[in-house]
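Inspection log for the structure reproduced underneath, given as structure tokens.
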Amino acid sequence: MRTHGLERIVLALAACSPLIALAAADDASAPGVWQKHEYTLAYDGFTSHYSCDGIADKVKLLLRAAGARDDVTVTGSCSNPIGGPSRIAIARATFYTLAVPGADAAPERVPGAWRAVAFRDGSPDWLEMGDCELVDQFDRELLPFFTTRNRESRMMCVPNTYQLGAISLRFESFVPLPKPNAASRPMPQ
């Protein structure tokens, strides 16, 4: 089997990071445009309760892991007046996702590629079994804002239960290509 240079790099990235890797495909790179989204997620879970900051932090991590631009802002509010864990917590998010442009798209295009993303218990390391209901709600309400393909959701959340393997969400997300690291560029002479 012959592999080309880009395919070897993609395979090396996939071996180093099972969570996030560029998808090895003919369409490994394509132009995209940023789309702004504003959404209010009202979490009303039974198994885990989040503080105002906790819901904001967790939703921000989910958005970034799925491919949202670095400038994600999420503010949280909750029903607990002293800010502790609440059964009802709200996350107001403003974020940008990369989309495949249409014919009438703005001229400012960003190089993008497909990246494999997987959410499982403990992977990424900040994701816990108790986050199942939140990940399930993220899948239904926020993931549609992303340009995705090959989505496979096997979420098995049972209220008031911590169940190993309940979090299982995989998809490919269209994301910007990483910017070249300034340290890896040759020094001018």
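So you can find residues: chains in the structure tokens are A, B, ... in the order shown, residues in each start at 1, and ligands are numbered from 1 in order.
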
Excluding stretch 161-163 of chain A and any residue of its chain fewer than 4 positions from it, enumerate the residues within 7 Å of it, using only C-alpha atoms, and give them as a PDB file with C-alpha atoms, in the first residue's frame.
```
ATOM      1  CA  THR A  47     -27.873  12.844  37.435  1.00  0.00           C
ATOM      2  CA  MET A 129     -19.786   9.665  33.492  1.00  0.00           C
ATOM      3  CA  GLY A 130     -22.111  12.156  35.187  1.00  0.00           C
TER       4      GLY A 130
END
```

So which residues of stretch 31-95 of chain A fall under helix (DSSP H, G or I) by DSSP, listed as an MDAnalysis selection string?
chainID A and resid 52:66

Could you write those residues out with N, CA, C and O atoms, as a PDB file, in the first residue's frame?
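File produced: result.pdb:
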```pdb
ATOM      1  N   CYS A  52     -23.196  27.697  38.305  1.00  0.00           N
ATOM      2  CA  CYS A  52     -23.259  28.645  37.177  1.00  0.00           C
ATOM      3  C   CYS A  52     -21.969  28.604  36.375  1.00  0.00           C
ATOM      4  O   CYS A  52     -21.994  28.524  35.137  1.00  0.00           O
ATOM      5  N   ASP A  53     -20.824  28.651  37.048  1.00  0.00           N
ATOM      6  CA  ASP A  53     -19.531  28.582  36.356  1.00  0.00           C
ATOM      7  C   ASP A  53     -19.298  27.191  35.775  1.00  0.00           C
ATOM      8  O   ASP A  53     -18.717  27.047  34.697  1.00  0.00           O
ATOM      9  N   GLY A  54     -19.757  26.164  36.482  1.00  0.00           N
ATOM     10  CA  GLY A  54     -19.542  24.790  36.032  1.00  0.00           C
ATOM     11  C   GLY A  54     -20.226  24.494  34.702  1.00  0.00           C
ATOM     12  O   GLY A  54     -19.629  23.875  33.814  1.00  0.00           O
ATOM     13  N   ILE A  55     -21.471  24.938  34.541  1.00  0.00           N
ATOM     14  CA  ILE A  55     -22.173  24.691  33.266  1.00  0.00           C
ATOM     15  C   ILE A  55     -21.506  25.473  32.144  1.00  0.00           C
ATOM     16  O   ILE A  55     -21.332  24.969  31.045  1.00  0.00           O
ATOM     17  N   ALA A  56     -21.086  26.707  32.440  1.00  0.00           N
ATOM     18  CA  ALA A  56     -20.414  27.527  31.417  1.00  0.00           C
ATOM     19  C   ALA A  56     -19.105  26.877  30.985  1.00  0.00           C
ATOM     20  O   ALA A  56     -18.821  26.779  29.786  1.00  0.00           O
ATOM     21  N   ASP A  57     -18.313  26.428  31.951  1.00  0.00           N
ATOM     22  CA  ASP A  57     -17.024  25.808  31.632  1.00  0.00           C
ATOM     23  C   ASP A  57     -17.194  24.528  30.822  1.00  0.00           C
ATOM     24  O   ASP A  57     -16.490  24.300  29.835  1.00  0.00           O
ATOM     25  N   LYS A  58     -18.136  23.680  31.219  1.00  0.00           N
ATOM     26  CA  LYS A  58     -18.321  22.390  30.545  1.00  0.00           C
ATOM     27  C   LYS A  58     -18.844  22.585  29.122  1.00  0.00           C
ATOM     28  O   LYS A  58     -18.375  21.938  28.187  1.00  0.00           O
ATOM     29  N   VAL A  59     -19.786  23.506  28.931  1.00  0.00           N
ATOM     30  CA  VAL A  59     -20.310  23.758  27.581  1.00  0.00           C
ATOM     31  C   VAL A  59     -19.216  24.345  26.693  1.00  0.00           C
ATOM     32  O   VAL A  59     -19.079  23.974  25.526  1.00  0.00           O
ATOM     33  N   LYS A  60     -18.394  25.218  27.256  1.00  0.00           N
ATOM     34  CA  LYS A  60     -17.284  25.797  26.481  1.00  0.00           C
ATOM     35  C   LYS A  60     -16.307  24.699  26.044  1.00  0.00           C
ATOM     36  O   LYS A  60     -15.861  24.678  24.902  1.00  0.00           O
ATOM     37  N   LEU A  61     -15.991  23.780  26.938  1.00  0.00           N
ATOM     38  CA  LEU A  61     -15.094  22.671  26.593  1.00  0.00           C
ATOM     39  C   LEU A  61     -15.697  21.801  25.488  1.00  0.00           C
ATOM     40  O   LEU A  61     -14.995  21.396  24.555  1.00  0.00           O
ATOM     41  N   LEU A  62     -16.986  21.516  25.561  1.00  0.00           N
ATOM     42  CA  LEU A  62     -17.648  20.715  24.527  1.00  0.00           C
ATOM     43  C   LEU A  62     -17.611  21.428  23.174  1.00  0.00           C
ATOM     44  O   LEU A  62     -17.316  20.812  22.153  1.00  0.00           O
ATOM     45  N   LEU A  63     -17.898  22.729  23.183  1.00  0.00           N
ATOM     46  CA  LEU A  63     -17.871  23.495  21.934  1.00  0.00           C
ATOM     47  C   LEU A  63     -16.480  23.509  21.318  1.00  0.00           C
ATOM     48  O   LEU A  63     -16.315  23.285  20.119  1.00  0.00           O
ATOM     49  N   ARG A  64     -15.456  23.764  22.126  1.00  0.00           N
ATOM     50  CA  ARG A  64     -14.081  23.804  21.615  1.00  0.00           C
ATOM     51  C   ARG A  64     -13.651  22.432  21.101  1.00  0.00           C
ATOM     52  O   ARG A  64     -13.026  22.325  20.051  1.00  0.00           O
ATOM     53  N   ALA A  65     -13.986  21.378  21.827  1.00  0.00           N
ATOM     54  CA  ALA A  65     -13.609  20.029  21.395  1.00  0.00           C
ATOM     55  C   ALA A  65     -14.295  19.653  20.078  1.00  0.00           C
ATOM     56  O   ALA A  65     -13.733  18.916  19.275  1.00  0.00           O
ATOM     57  N   ALA A  66     -15.494  20.174  19.853  1.00  0.00           N
ATOM     58  CA  ALA A  66     -16.228  19.873  18.619  1.00  0.00           C
ATOM     59  C   ALA A  66     -15.733  20.699  17.437  1.00  0.00           C
ATOM     60  O   ALA A  66     -16.093  20.411  16.303  1.00  0.00           O
TER      61      ALA A  66
END
```

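Counting only C-alpha atoms and comparing A:Pro176, A:Gly165, A:Pro101, A:Pro144, the residue that lies closest to A:Ser29 is A:Pro176.
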
Of A:Leu41, A:Leu127, A:Leu98, A:Val74, the one nearest to A:Arg140 when counting only C-alpha atoms is A:Leu41

Which residues are close to A:Pro31, i.e. within 8 Å by only C-alpha atoms, leaving aside same-chain residues fewer than 6 positions away? Reply as a PyMOL selection string.
chain A and resi 100-101+109-112

Restricting it to all heavy atoms, dump the selection as a JSON list (two decimals), in the first residue's frame.
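Writing done, so here's selection-v6.json:
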```json
[["chain", "number", "residue", "atom", "x", "y", "z"],
["A", 100, "VAL", "N", -18.85, 24.91, 5.13],
["A", 100, "VAL", "CA", -18.49, 24.84, 3.72],
["A", 100, "VAL", "C", -19.26, 25.97, 3.03],
["A", 100, "VAL", "O", -20.48, 26.06, 3.18],
["A", 100, "VAL", "CB", -18.86, 23.47, 3.12],
["A", 100, "VAL", "CG1", -18.57, 23.43, 1.64],
["A", 100, "VAL", "CG2", -18.12, 22.36, 3.85],
["A", 101, "PRO", "N", -18.56, 26.85, 2.32],
["A", 101, "PRO", "CA", -19.24, 28.02, 1.76],
["A", 101, "PRO", "C", -20.14, 27.68, 0.58],
["A", 101, "PRO", "O", -19.87, 26.76, -0.18],
["A", 101, "PRO", "CB", -18.09, 28.92, 1.31],
["A", 101, "PRO", "CG", -16.97, 27.99, 1.03],
["A", 101, "PRO", "CD", -17.14, 26.83, 1.98],
["A", 109, "ARG", "N", -12.17, 33.39, 3.14],
["A", 109, "ARG", "CA", -12.27, 31.94, 3.34],
["A", 109, "ARG", "C", -11.11, 31.45, 4.19],
["A", 109, "ARG", "O", -10.01, 31.99, 4.14],
["A", 109, "ARG", "CB", -12.31, 31.23, 2.00],
["A", 109, "ARG", "CG", -13.58, 31.62, 1.25],
["A", 109, "ARG", "CD", -13.73, 30.91, -0.03],
["A", 109, "ARG", "NE", -14.94, 31.40, -0.69],
["A", 109, "ARG", "CZ", -15.70, 30.66, -1.44],
["A", 109, "ARG", "NH1", -15.39, 29.41, -1.67],
["A", 109, "ARG", "NH2", -16.76, 31.17, -2.00],
["A", 110, "VAL", "N", -11.38, 30.43, 4.95],
["A", 110, "VAL", "CA", -10.41, 29.85, 5.88],
["A", 110, "VAL", "C", -10.12, 28.42, 5.43],
["A", 110, "VAL", "O", -11.06, 27.67, 5.14],
["A", 110, "VAL", "CB", -11.01, 29.82, 7.31],
["A", 110, "VAL", "CG1", -10.08, 29.16, 8.29],
["A", 110, "VAL", "CG2", -11.38, 31.22, 7.75],
["A", 111, "PRO", "N", -8.84, 28.03, 5.35],
["A", 111, "PRO", "CA", -8.57, 26.63, 4.99],
["A", 111, "PRO", "C", -9.08, 25.69, 6.10],
["A", 111, "PRO", "O", -8.80, 25.91, 7.27],
["A", 111, "PRO", "CB", -7.05, 26.55, 4.87],
["A", 111, "PRO", "CG", -6.51, 27.88, 5.25],
["A", 111, "PRO", "CD", -7.64, 28.80, 5.54],
["A", 112, "GLY", "N", -9.84, 24.70, 5.70],
["A", 112, "GLY", "CA", -10.41, 23.79, 6.68],
["A", 112, "GLY", "C", -10.19, 22.34, 6.30],
["A", 112, "GLY", "O", -9.78, 22.03, 5.18]]
```

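Of the residues listed (A:Ala30, A:Ala118, A:Val72, A:Ala99), A:Ala118 shows the shortest atom-to-atom separation from A:Glu172; distances use only C-alpha atoms.
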